[in-house]
>>> print(open('input15.pdb').read())   # PDB, C-alpha atoms
MODEL        1
ATOM      1  CA  MET A  11    -109.954  55.923 179.924
ATOM      2  CA  ASP A  12    -106.187  56.289 180.133
ATOM      3  CA  GLY A  13    -105.990  57.632 176.622
ATOM      4  CA  SER A  14    -104.369  54.459 175.290
ATOM      5  CA  THR A  15    -107.258  53.573 172.901
ATOM      6  CA  GLY A  16    -105.778  54.428 169.552
ATOM      7  CA  ILE A  17    -107.496  54.713 166.198
ATOM      8  CA  SER A  18    -106.523  51.888 163.880
ATOM      9  CA  GLY A  19    -105.703  52.471 160.238
ATOM     10  CA  ALA A  20    -108.881  50.726 159.097
ATOM     11  CA  ASP A  21    -110.978  52.975 161.316
ATOM     12  CA  LEU A  22    -109.306  56.039 159.866
ATOM     13  CA  ILE A  23    -109.954  54.828 156.318
ATOM     14  CA  LYS A  24    -113.618  54.164 157.136
ATOM     15  CA  ALA A  25    -114.051  57.617 158.659
ATOM     16  CA  CYS A  26    -112.349  59.299 155.736
ATOM     17  CA  SER A  27    -114.475  57.250 153.312
ATOM     18  CA  ALA A  28    -117.605  58.584 155.012
ATOM     19  CA  ILE A  29    -116.346  62.156 154.695
ATOM     20  CA  GLY A  30    -115.391  61.500 151.076
ATOM     21  CA  ALA A  31    -118.854  60.108 150.370
ATOM     22  CA  GLY A  32    -120.371  63.263 151.796
ATOM     23  CA  LEU A  33    -118.109  65.407 149.637
ATOM     24  CA  ALA A  34    -118.884  63.320 146.530
ATOM     25  CA  VAL A  35    -122.629  63.942 146.687
ATOM     26  CA  ILE A  36    -121.984  67.713 146.566
ATOM     27  CA  ALA A  37    -121.845  66.951 142.822
ATOM     28  CA  GLY A  38    -125.645  67.076 143.052
ATOM     29  CA  ILE A  39    -125.595  70.885 143.118
ATOM     30  CA  GLY A  40    -124.685  71.212 139.436
ATOM     31  CA  PRO A  41    -127.470  69.044 137.970
ATOM     32  CA  GLY A  42    -129.948  70.674 140.371
ATOM     33  CA  VAL A  43    -129.181  74.111 138.999
ATOM     34  CA  GLY A  44    -129.060  72.801 135.440
ATOM     35  CA  GLN A  45    -132.383  70.996 135.667
ATOM     36  CA  GLY A  46    -133.977  74.078 137.190
ATOM     37  CA  ILE A  47    -132.742  76.241 134.319
ATOM     38  CA  ALA A  48    -134.014  73.684 131.786
ATOM     39  CA  ALA A  49    -137.427  73.552 133.482
ATOM     40  CA  GLY A  50    -137.575  77.362 133.589
ATOM     41  CA  TYR A  51    -136.892  77.709 129.883
ATOM     42  CA  ALA A  52    -139.373  74.931 129.138
ATOM     43  CA  ALA A  53    -142.014  76.809 131.149
ATOM     44  CA  SER A  54    -141.381  80.017 129.222
ATOM     45  CA  ALA A  55    -141.455  78.066 125.955
ATOM     46  CA  VAL A  56    -144.855  76.615 126.858
ATOM     47  CA  GLY A  57    -145.982  80.146 127.712
ATOM     48  CA  ARG A  58    -145.035  81.373 124.248
ATOM     49  CA  ASN A  59    -146.328  78.322 122.369
ATOM     50  CA  PRO A  60    -148.853  76.300 124.398
ATOM     51  CA  GLY A  61    -149.580  74.094 121.380
ATOM     52  CA  ALA A  62    -146.147  72.460 121.535
ATOM     53  CA  LYS A  63    -146.472  71.406 125.172
ATOM     54  CA  GLY A  64    -145.930  67.675 124.573
ATOM     55  CA  GLU A  65    -142.861  68.184 122.415
ATOM     56  CA  ILE A  66    -141.359  70.666 124.858
ATOM     57  CA  THR A  67    -141.974  68.388 127.844
ATOM     58  CA  SER A  68    -140.298  65.376 126.256
ATOM     59  CA  THR A  69    -137.321  67.458 125.106
ATOM     60  CA  MET A  70    -137.000  68.947 128.586
ATOM     61  CA  LEU A  71    -137.107  65.549 130.285
ATOM     62  CA  LEU A  72    -134.497  64.144 127.890
ATOM     63  CA  GLY A  73    -132.159  67.073 128.468
ATOM     64  CA  GLN A  74    -132.648  66.944 132.205
ATOM     65  CA  ALA A  75    -131.923  63.229 132.330
ATOM     66  CA  VAL A  76    -128.678  63.756 130.421
ATOM     67  CA  ALA A  77    -127.710  66.663 132.690
ATOM     68  CA  GLU A  78    -128.427  64.470 135.699
ATOM     69  CA  THR A  79    -125.614  62.075 134.783
ATOM     70  CA  THR A  80    -122.817  64.080 136.416
ATOM     71  CA  GLY A  81    -124.710  64.158 139.690
ATOM     72  CA  LEU A  82    -125.278  60.437 139.480
ATOM     73  CA  TYR A  83    -121.549  59.835 139.045
ATOM     74  CA  GLY A  84    -121.039  61.634 142.356
ATOM     75  CA  LEU A  85    -123.729  59.465 143.938
ATOM     76  CA  LEU A  86    -122.083  56.321 142.566
ATOM     77  CA  ILE A  87    -118.724  57.294 144.026
ATOM     78  CA  ALA A  88    -120.374  57.916 147.394
ATOM     79  CA  MET A  89    -122.036  54.484 147.241
ATOM     80  CA  LEU A  90    -118.772  52.794 146.299
ATOM     81  CA  LEU A  91    -116.965  54.482 149.167
ATOM     82  CA  LEU A  92    -119.655  53.567 151.674
ATOM     83  CA  PHE A  93    -120.592  50.027 150.689
ATOM     84  CA  VAL A  94    -117.867  48.481 148.516
ATOM     85  CA  LYS A  95    -115.027  50.095 150.514
ATOM     86  CA  PRO A  96    -112.380  49.877 147.756
ATOM     87  CA  LEU A  97    -109.746  51.529 149.963
ATOM     88  CA  LEU A  98    -109.879  48.791 152.589
ATOM     89  CA  ASN A  99    -107.861  45.954 151.081
ATOM     90  CA  ASP A 100    -108.166  43.104 153.521
TER      91      ASP A 100
ATOM     92  CA  MET B 116    -118.857  36.683 149.525
ATOM     93  CA  GLY B 117    -116.399  39.349 148.450
ATOM     94  CA  ASN B 118    -116.818  41.556 145.442
ATOM     95  CA  THR B 119    -118.029  38.930 142.993
ATOM     96  CA  VAL B 120    -120.850  41.262 141.987
ATOM     97  CA  LEU B 121    -120.704  45.020 142.286
ATOM     98  CA  LEU B 122    -122.320  46.205 145.529
ATOM     99  CA  THR B 123    -122.352  42.701 146.882
ATOM    100  CA  GLY B 124    -121.872  42.649 150.607
ATOM    101  CA  THR B 125    -122.553  40.539 153.611
ATOM    102  CA  ASP B 126    -124.016  43.500 155.513
ATOM    103  CA  ASP B 127    -127.683  42.987 156.218
ATOM    104  CA  LEU B 128    -128.876  45.937 154.177
ATOM    105  CA  GLY B 129    -132.062  45.656 152.181
ATOM    106  CA  PHE B 130    -130.794  46.990 148.899
ATOM    107  CA  MET B 131    -127.716  44.826 148.491
ATOM    108  CA  ILE B 132    -127.507  42.121 145.864
ATOM    109  CA  LYS B 133    -127.663  38.857 147.766
ATOM    110  CA  GLY B 134    -126.088  35.629 146.645
ATOM    111  CA  ILE B 135    -128.578  32.776 146.800
ATOM    112  CA  PHE B 136    -126.427  29.803 145.913
ATOM    113  CA  THR B 137    -123.199  29.063 144.144
ATOM    114  CA  TYR B 138    -122.088  26.435 141.669
ATOM    115  CA  ASN B 139    -118.941  25.485 139.826
ATOM    116  CA  PHE B 140    -118.786  26.398 136.168
ATOM    117  CA  PHE B 141    -115.611  24.905 134.652
ATOM    118  CA  GLY B 142    -113.631  25.738 137.738
ATOM    119  CA  HIS B 143    -115.136  29.177 138.228
ATOM    120  CA  GLU B 144    -117.287  29.858 141.241
ATOM    121  CA  VAL B 145    -120.499  31.377 139.891
ATOM    122  CA  TRP B 146    -123.109  32.998 142.097
ATOM    123  CA  ILE B 147    -126.809  32.960 141.457
ATOM    124  CA  THR B 148    -127.948  36.260 142.954
ATOM    125  CA  THR B 149    -131.223  38.065 143.544
ATOM    126  CA  THR B 150    -130.678  39.806 140.212
ATOM    127  CA  HIS B 151    -130.903  36.517 138.337
ATOM    128  CA  VAL B 152    -134.073  35.523 140.150
ATOM    129  CA  CYS B 153    -135.751  38.917 139.651
ATOM    130  CA  LEU B 154    -134.680  38.929 136.011
ATOM    131  CA  LEU B 155    -136.246  35.514 135.567
ATOM    132  CA  ILE B 156    -139.504  36.689 137.135
ATOM    133  CA  VAL B 157    -139.573  39.781 134.911
ATOM    134  CA  MET B 158    -138.854  37.593 131.889
ATOM    135  CA  LEU B 159    -141.655  35.176 132.774
ATOM    136  CA  VAL B 160    -144.107  38.078 133.173
ATOM    137  CA  ILE B 161    -143.157  39.500 129.771
ATOM    138  CA  ILE B 162    -143.291  36.088 128.080
ATOM    139  CA  GLY B 163    -146.681  35.428 129.644
ATOM    140  CA  PHE B 164    -147.981  38.746 128.390
ATOM    141  CA  CYS B 165    -146.549  38.079 124.922
ATOM    142  CA  VAL B 166    -148.120  34.614 124.690
ATOM    143  CA  ALA B 167    -151.483  35.986 125.810
ATOM    144  CA  ALA B 168    -151.181  38.863 123.330
ATOM    145  CA  ASN B 169    -150.287  36.453 120.530
ATOM    146  CA  ILE B 170    -153.312  34.264 121.219
ATOM    147  CA  CYS B 171    -155.493  37.360 121.433
ATOM    148  CA  ILE B 172    -154.213  38.885 118.164
ATOM    149  CA  LYS B 173    -154.567  35.573 116.254
ATOM    150  CA  LYS B 174    -158.333  35.827 116.679
ATOM    151  CA  ALA B 175    -158.570  39.628 116.630
ATOM    152  CA  GLN B 176    -161.957  41.229 116.160
ATOM    153  CA  ASP B 177    -162.973  44.452 114.437
ATOM    154  CA  VAL B 178    -164.385  45.776 117.670
ATOM    155  CA  PRO B 179    -161.495  45.116 120.077
ATOM    156  CA  GLY B 180    -162.154  43.574 123.433
ATOM    157  CA  ARG B 181    -160.526  44.728 126.640
ATOM    158  CA  PHE B 182    -157.228  42.853 126.315
ATOM    159  CA  GLN B 183    -156.916  43.430 122.577
ATOM    160  CA  ASN B 184    -157.332  47.145 123.279
ATOM    161  CA  ILE B 185    -154.413  47.118 125.703
ATOM    162  CA  VAL B 186    -152.161  45.232 123.270
ATOM    163  CA  GLU B 187    -153.015  47.603 120.429
ATOM    164  CA  LEU B 188    -152.425  50.606 122.677
ATOM    165  CA  VAL B 189    -148.952  49.369 123.687
ATOM    166  CA  VAL B 190    -147.922  48.598 120.106
ATOM    167  CA  GLU B 191    -149.242  51.913 118.797
ATOM    168  CA  LEU B 192    -147.490  53.889 121.536
ATOM    169  CA  LEU B 193    -144.141  52.183 120.887
ATOM    170  CA  ASP B 194    -144.464  52.477 117.105
ATOM    171  CA  GLY B 195    -145.393  56.147 117.410
ATOM    172  CA  MET B 196    -142.439  56.835 119.674
ATOM    173  CA  VAL B 197    -139.979  55.127 117.322
ATOM    174  CA  SER B 198    -141.329  56.629 114.117
ATOM    175  CA  SER B 199    -141.464  60.146 115.559
ATOM    176  CA  SER B 200    -137.757  60.154 116.359
ATOM    177  CA  MET B 201    -136.256  57.839 113.740
ATOM    178  CA  GLY B 202    -138.243  58.813 110.673
ATOM    179  CA  LYS B 203    -137.466  56.533 107.733
ATOM    180  CA  ALA B 204    -135.374  54.035 109.688
ATOM    181  CA  ALA B 205    -138.219  53.382 112.141
ATOM    182  CA  GLY B 206    -139.345  50.155 110.487
ATOM    183  CA  LYS B 207    -136.016  48.454 111.028
ATOM    184  CA  PHE B 208    -135.628  49.371 114.667
ATOM    185  CA  ALA B 209    -139.172  49.391 116.039
ATOM    186  CA  ASN B 210    -138.814  45.784 117.175
ATOM    187  CA  TYR B 211    -135.581  46.305 119.063
ATOM    188  CA  ILE B 212    -136.599  49.597 120.675
ATOM    189  CA  GLY B 213    -139.982  48.158 121.647
ATOM    190  CA  THR B 214    -138.360  45.139 123.272
ATOM    191  CA  LEU B 215    -135.878  47.360 125.078
ATOM    192  CA  PHE B 216    -138.640  49.663 126.285
ATOM    193  CA  ILE B 217    -140.854  46.899 127.642
ATOM    194  CA  PHE B 218    -137.967  45.071 129.300
ATOM    195  CA  ILE B 219    -136.482  48.134 131.024
ATOM    196  CA  PHE B 220    -139.902  49.434 132.038
ATOM    197  CA  ILE B 221    -141.064  46.181 133.617
ATOM    198  CA  SER B 222    -137.653  45.805 135.295
ATOM    199  CA  ASN B 223    -137.807  49.322 136.734
ATOM    200  CA  ILE B 224    -141.321  49.042 138.109
ATOM    201  CA  SER B 225    -140.684  45.581 139.554
ATOM    202  CA  GLY B 226    -139.647  47.463 142.719
ATOM    203  CA  LEU B 227    -143.358  48.130 143.205
ATOM    204  CA  PHE B 228    -143.914  44.408 143.695
ATOM    205  CA  GLY B 229    -141.187  43.994 146.271
ATOM    206  CA  LEU B 230    -138.504  42.705 143.924
ATOM    207  CA  ARG B 231    -135.062  44.228 143.749
ATOM    208  CA  PRO B 232    -135.136  45.869 140.296
ATOM    209  CA  PRO B 233    -132.774  43.921 137.990
ATOM    210  CA  THR B 234    -131.692  47.207 136.408
ATOM    211  CA  ALA B 235    -130.199  48.204 139.783
ATOM    212  CA  ASP B 236    -127.357  45.829 138.925
ATOM    213  CA  TYR B 237    -124.607  47.118 136.671
ATOM    214  CA  GLY B 238    -124.313  43.645 135.181
ATOM    215  CA  VAL B 239    -127.738  44.118 133.585
ATOM    216  CA  THR B 240    -127.425  47.685 132.323
ATOM    217  CA  LEU B 241    -123.900  47.423 130.898
ATOM    218  CA  PRO B 242    -124.901  44.758 128.318
ATOM    219  CA  LEU B 243    -127.804  46.976 127.262
ATOM    220  CA  GLY B 244    -125.353  49.828 126.727
ATOM    221  CA  VAL B 245    -122.965  47.549 124.842
ATOM    222  CA  ILE B 246    -125.782  46.362 122.539
ATOM    223  CA  THR B 247    -126.542  50.003 121.716
ATOM    224  CA  PHE B 248    -122.827  50.608 121.098
ATOM    225  CA  CYS B 249    -122.679  47.657 118.684
ATOM    226  CA  LEU B 250    -125.786  48.934 116.886
ATOM    227  CA  ILE B 251    -124.174  52.359 116.489
ATOM    228  CA  LEU B 252    -120.898  50.908 115.178
ATOM    229  CA  PHE B 253    -122.654  48.469 112.826
ATOM    230  CA  ASN B 254    -124.908  51.114 111.324
ATOM    231  CA  LYS B 255    -122.058  53.586 110.971
ATOM    232  CA  LEU B 256    -120.016  51.012 109.050
ATOM    233  CA  LYS B 257    -123.020  49.914 107.009
ATOM    234  CA  TYR B 258    -124.342  53.301 105.912
ATOM    235  CA  GLN B 259    -121.328  55.605 106.030
ATOM    236  CA  LYS B 260    -118.847  52.916 104.869
ATOM    237  CA  LEU B 261    -115.323  52.723 106.217
ATOM    238  CA  SER B 262    -114.305  56.005 104.582
ATOM    239  CA  GLY B 263    -117.134  57.928 106.214
ATOM    240  CA  PHE B 264    -116.389  56.213 109.526
ATOM    241  CA  ILE B 265    -112.745  57.290 109.448
ATOM    242  CA  LYS B 266    -113.697  60.732 108.200
ATOM    243  CA  GLY B 267    -116.069  61.071 111.145
ATOM    244  CA  LEU B 268    -113.286  60.168 113.540
ATOM    245  CA  CYS B 269    -110.981  62.793 112.052
ATOM    246  CA  GLU B 270    -113.392  65.679 112.573
ATOM    247  CA  PRO B 271    -112.480  68.509 112.783
ATOM    248  CA  TRP B 272    -108.766  67.674 112.501
ATOM    249  CA  PRO B 273    -106.990  64.301 112.183
ATOM    250  CA  PHE B 274    -105.161  64.694 115.483
ATOM    251  CA  TRP B 275    -108.561  65.041 117.161
ATOM    252  CA  ALA B 276    -109.202  61.283 116.603
ATOM    253  CA  PRO B 277    -108.268  60.058 120.122
ATOM    254  CA  ILE B 278    -110.747  62.471 121.671
ATOM    255  CA  ASN B 279    -113.461  61.344 119.241
ATOM    256  CA  ILE B 280    -112.733  57.705 120.098
ATOM    257  CA  ILE B 281    -113.023  58.465 123.817
ATOM    258  CA  GLY B 282    -116.298  60.259 123.105
ATOM    259  CA  ASP B 283    -117.614  57.207 121.240
ATOM    260  CA  VAL B 284    -116.566  54.756 123.940
ATOM    261  CA  ALA B 285    -118.146  56.963 126.615
ATOM    262  CA  VAL B 286    -121.589  56.493 125.045
ATOM    263  CA  PRO B 287    -122.369  52.973 126.353
ATOM    264  CA  ILE B 288    -120.763  53.732 129.711
ATOM    265  CA  SER B 289    -122.784  56.867 130.323
ATOM    266  CA  LEU B 290    -125.982  55.242 128.998
ATOM    267  CA  SER B 291    -125.684  52.236 131.283
ATOM    268  CA  LEU B 292    -124.453  54.164 134.325
ATOM    269  CA  ARG B 293    -127.332  56.632 134.032
ATOM    270  CA  LEU B 294    -129.958  53.895 134.114
ATOM    271  CA  PHE B 295    -128.114  51.934 136.804
ATOM    272  CA  ALA B 296    -127.542  54.885 139.137
ATOM    273  CA  ASN B 297    -131.085  56.188 138.807
ATOM    274  CA  VAL B 298    -132.699  52.861 139.640
ATOM    275  CA  LEU B 299    -130.142  52.155 142.354
ATOM    276  CA  SER B 300    -130.741  55.531 144.011
ATOM    277  CA  GLY B 301    -134.484  54.796 144.103
ATOM    278  CA  THR B 302    -133.834  51.355 145.568
ATOM    279  CA  VAL B 303    -131.491  52.768 148.218
ATOM    280  CA  MET B 304    -133.982  55.477 149.143
ATOM    281  CA  MET B 305    -136.785  52.961 149.611
ATOM    282  CA  ALA B 306    -134.502  50.654 151.613
ATOM    283  CA  LEU B 307    -133.547  53.573 153.859
ATOM    284  CA  VAL B 308    -137.188  54.533 154.389
ATOM    285  CA  TYR B 309    -138.157  50.970 155.279
ATOM    286  CA  GLY B 310    -134.999  50.324 157.273
ATOM    287  CA  LEU B 311    -134.651  53.507 159.303
ATOM    288  CA  LEU B 312    -138.285  54.584 159.606
ATOM    289  CA  SER B 313    -139.734  51.103 159.999
ATOM    290  CA  MET B 314    -141.698  52.261 163.079
ATOM    291  CA  VAL B 315    -143.702  54.825 161.115
ATOM    292  CA  ALA B 316    -143.487  53.429 157.574
ATOM    293  CA  TYR B 317    -147.174  52.693 157.096
ATOM    294  CA  ALA B 318    -149.008  53.539 153.874
ATOM    295  CA  TRP B 319    -147.201  56.810 153.145
ATOM    296  CA  PRO B 320    -144.143  55.182 151.486
ATOM    297  CA  ALA B 321    -146.580  54.360 148.681
ATOM    298  CA  VAL B 322    -146.168  57.983 147.540
ATOM    299  CA  LEU B 323    -142.395  57.496 147.390
ATOM    300  CA  HIS B 324    -142.908  54.265 145.448
ATOM    301  CA  VAL B 325    -144.930  56.173 142.870
ATOM    302  CA  TYR B 326    -142.105  58.676 142.477
ATOM    303  CA  PHE B 327    -139.018  56.438 142.673
ATOM    304  CA  ASP B 328    -140.356  53.355 140.928
ATOM    305  CA  LEU B 329    -143.072  54.524 138.549
ATOM    306  CA  PHE B 330    -142.112  58.100 137.614
ATOM    307  CA  SER B 331    -138.339  57.767 137.731
ATOM    308  CA  GLY B 332    -138.438  54.320 136.144
ATOM    309  CA  ALA B 333    -140.649  55.449 133.280
ATOM    310  CA  ILE B 334    -138.538  58.566 132.649
ATOM    311  CA  GLN B 335    -135.302  56.586 132.604
ATOM    312  CA  THR B 336    -136.804  53.972 130.275
ATOM    313  CA  TYR B 337    -137.911  56.729 127.914
ATOM    314  CA  VAL B 338    -134.521  58.439 128.098
ATOM    315  CA  PHE B 339    -132.591  55.212 127.422
ATOM    316  CA  CYS B 340    -134.729  54.425 124.373
ATOM    317  CA  MET B 341    -134.689  58.017 123.082
ATOM    318  CA  LEU B 342    -130.901  58.249 123.389
ATOM    319  CA  THR B 343    -130.441  54.881 121.671
ATOM    320  CA  MET B 344    -132.651  56.047 118.813
ATOM    321  CA  THR B 345    -130.866  59.403 118.593
ATOM    322  CA  TYR B 346    -127.435  57.787 118.411
ATOM    323  CA  VAL B 347    -128.521  55.176 115.856
ATOM    324  CA  THR B 348    -130.270  57.777 113.684
ATOM    325  CA  ASP B 349    -127.113  59.861 113.891
ATOM    326  CA  ALA B 350    -125.018  56.841 112.851
ATOM    327  CA  ILE B 351    -127.250  56.140 109.850
ATOM    328  CA  GLY B 352    -126.987  59.769 108.752
ATOM    329  CA  ASP B 353    -128.177  60.356 105.185
ATOM    330  CA  GLY B 354    -127.369  56.770 104.254
ATOM    331  CA  LEU B 355    -130.947  55.540 104.073
ATOM    332  CA  GLU B 356    -132.064  58.021 101.398
ATOM    333  CA  GLU B 357    -129.277  57.026  99.016
ATOM    334  CA  ALA B 358    -129.845  53.307  99.422
TER     335      ALA B 358
ENDMDL
END
>>> encode(input="input15.pdb", output="structure tokens")
Amino acid sequence: MDGSTGISGADLIKACSAIGAGLAVIAGIGPGVGQGIAAGYAASAVGRNPGAKGEITSTMLLGQAVAETTGLYGLLIAMLLLFVKPLLND
Amino acid sequence: MGNTVLLTGTDDLGFMIKGIFTYNFFGHEVWITTTHVCLLIVMLVIIGFCVAANICIKKAQDVPGRFQNIVELVVELLDGMVSSSMGKAAGKFANYIGTLFIFIFISNISGLFGLRPPTADYGVTLPLGVITFCLILFNKLKYQKLSGFIKGLCEPWPFWAPINIIGDVAVPISLSLRLFANVLSGTVMMALVYGLLSMVAYAWPAVLHVYFDLFSGAIQTYVFCMLTMTYVTDAIGDGLEEA
């Protein structure tokens, strides 16, 4: 407790990786909004034309899955930072 | 163990790919991991189903029995899916898309049975993406010929070609990463639930399994197959009508 316990470089990199992982998953906001908009339009489309419900649902799911990709890239970067630790070269 | 496989680690976390044993392959150290074992199990299940289906269909009856009904249902569903989105080209690709669908689906839902889904390994999904990429290239060259291929690259202007090439190369990467990241996120979520909440994780994680393994897995399987079909149909273009 004499204040001599320093933070090593590896510790600093680990801490910053954790913060970076947290920042990377903010990418999830975009796909969330996008999927919500897609679902909203799909709902209104079903309201106008209930007969085409199956077609609309599959189109919506396809579009949402494609929109999801950007969020998943953020998730992947967070996972890499947390578990593969590419910045720690030892 | 190092980074021989992506996400390989020595940490005792449930969702990591674990090396089981290693052997020398012409001087290279090759790991047999959980992915290989799970893939083998999935393969055996599919082969078993196929052999049973083959025996059943060889002596098919007019009034189908229980198992024959299931086989016919699966084949009709897959054929309907392919023909509804590929139109005329459906006959040529129904086999491949059906195989892809069954393999990815069984792989994704293998998490339900306590396996680590093989598709949560980038080494499994990247080859699937590369196969799709080869199909796209092959069909483009076959139906649009080299002139159409080059013309497609030079849209809308010739100096746009590098961007078009990047767009083409991004297709297999985004396809495989989408499947990989979706299945991996489900696997990580379930590992966190079982790892962190192990005191209270009784019965209710079943609901999460239904969402992460069944729902998400089925959606991603559907999306992978639909996108493959869309890209291949796009590559064929109007070629099939002229031929």
>>> resolve_selection(input="input15.pdb", expression="the PyMOL selection byres ((chain A and resi 76) around 12)", output="VMD selection string")
(chain A and resid 41 44 to 45 48 69 to 75 77 to 83) or (chain B and resid 286 289 to 294 297 334 to 335 337 to 339 341 to 342)
>>> write_last_selection(input="input15.pdb", atoms="C-alpha atoms", output="mmCIF file, in the frame of the given file")
data_model
loop_
_atom_site.group_PDB
_atom_site.id
_atom_site.type_symbol
_atom_site.label_atom_id
_atom_site.label_comp_id
_atom_site.auth_asym_id
_atom_site.auth_seq_id
_atom_site.Cartn_x
_atom_site.Cartn_y
_atom_site.Cartn_z
ATOM 1 C CA PRO A 41 -127.470 69.044 137.970
ATOM 2 C CA GLY A 44 -129.060 72.801 135.440
ATOM 3 C CA GLN A 45 -132.383 70.996 135.667
ATOM 4 C CA ALA A 48 -134.014 73.684 131.786
ATOM 5 C CA THR A 69 -137.321 67.458 125.106
ATOM 6 C CA MET A 70 -137.000 68.947 128.586
ATOM 7 C CA LEU A 71 -137.107 65.549 130.285
ATOM 8 C CA LEU A 72 -134.497 64.144 127.890
ATOM 9 C CA GLY A 73 -132.159 67.073 128.468
ATOM 10 C CA GLN A 74 -132.648 66.944 132.205
ATOM 11 C CA ALA A 75 -131.923 63.229 132.330
ATOM 12 C CA ALA A 77 -127.710 66.663 132.690
ATOM 13 C CA GLU A 78 -128.427 64.470 135.699
ATOM 14 C CA THR A 79 -125.614 62.075 134.783
ATOM 15 C CA THR A 80 -122.817 64.080 136.416
ATOM 16 C CA GLY A 81 -124.710 64.158 139.690
ATOM 17 C CA LEU A 82 -125.278 60.437 139.480
ATOM 18 C CA TYR A 83 -121.549 59.835 139.045
ATOM 19 C CA VAL B 286 -121.589 56.493 125.045
ATOM 20 C CA SER B 289 -122.784 56.867 130.323
ATOM 21 C CA LEU B 290 -125.982 55.242 128.998
ATOM 22 C CA SER B 291 -125.684 52.236 131.283
ATOM 23 C CA LEU B 292 -124.453 54.164 134.325
ATOM 24 C CA ARG B 293 -127.332 56.632 134.032
ATOM 25 C CA LEU B 294 -129.958 53.895 134.114
ATOM 26 C CA ASN B 297 -131.085 56.188 138.807
ATOM 27 C CA ILE B 334 -138.538 58.566 132.649
ATOM 28 C CA GLN B 335 -135.302 56.586 132.604
ATOM 29 C CA TYR B 337 -137.911 56.729 127.914
ATOM 30 C CA VAL B 338 -134.521 58.439 128.098
ATOM 31 C CA PHE B 339 -132.591 55.212 127.422
ATOM 32 C CA MET B 341 -134.689 58.017 123.082
ATOM 33 C CA LEU B 342 -130.901 58.249 123.389
#
>>> closest_residue(input="input15.pdb", among="B:Ala321, B:Gly226, B:Tyr237, B:Lys266", to="chain A", atoms="all atoms listed in the file")
B:Tyr237
>>> residues_around(input="input15.pdb", residues="Pro320 of chain B", least_positions_apart="6", cutoff="12 Å", atoms="only C-alpha atoms", output="number ranges by chain")
B: 227, 304-310, 312-313, 326-328
>>> closest_residue(input="input15.pdb", among="A:Val35, A:Lys63, A:Val43, A:Tyr51", to="chain B", atoms="only C-alpha atoms")
A:Val35
>>> atom_distance(input="input15.pdb", atom1="atom CA of Gln183 of chain B", atom2="atom CA of Gly213 of chain B")
17.6 Å
>>> resolve_selection(input="input15.pdb", expression="the PyMOL selection byres ((chain A and resi 91) around 10)", output="PyMOL selection string")
chain A and resi 24+26-32+34+85-90+92-98
>>> axis_aligned_box(input="input15.pdb", around="segment 209-219 of chain B", padding_each_side="5 Å", output="lines of an AutoDock Vina configuration file")
center_x = -138.2
center_y = 47.4
center_z = 123.5
size_x = 15.3
size_y = 14.6
size_z = 25.0
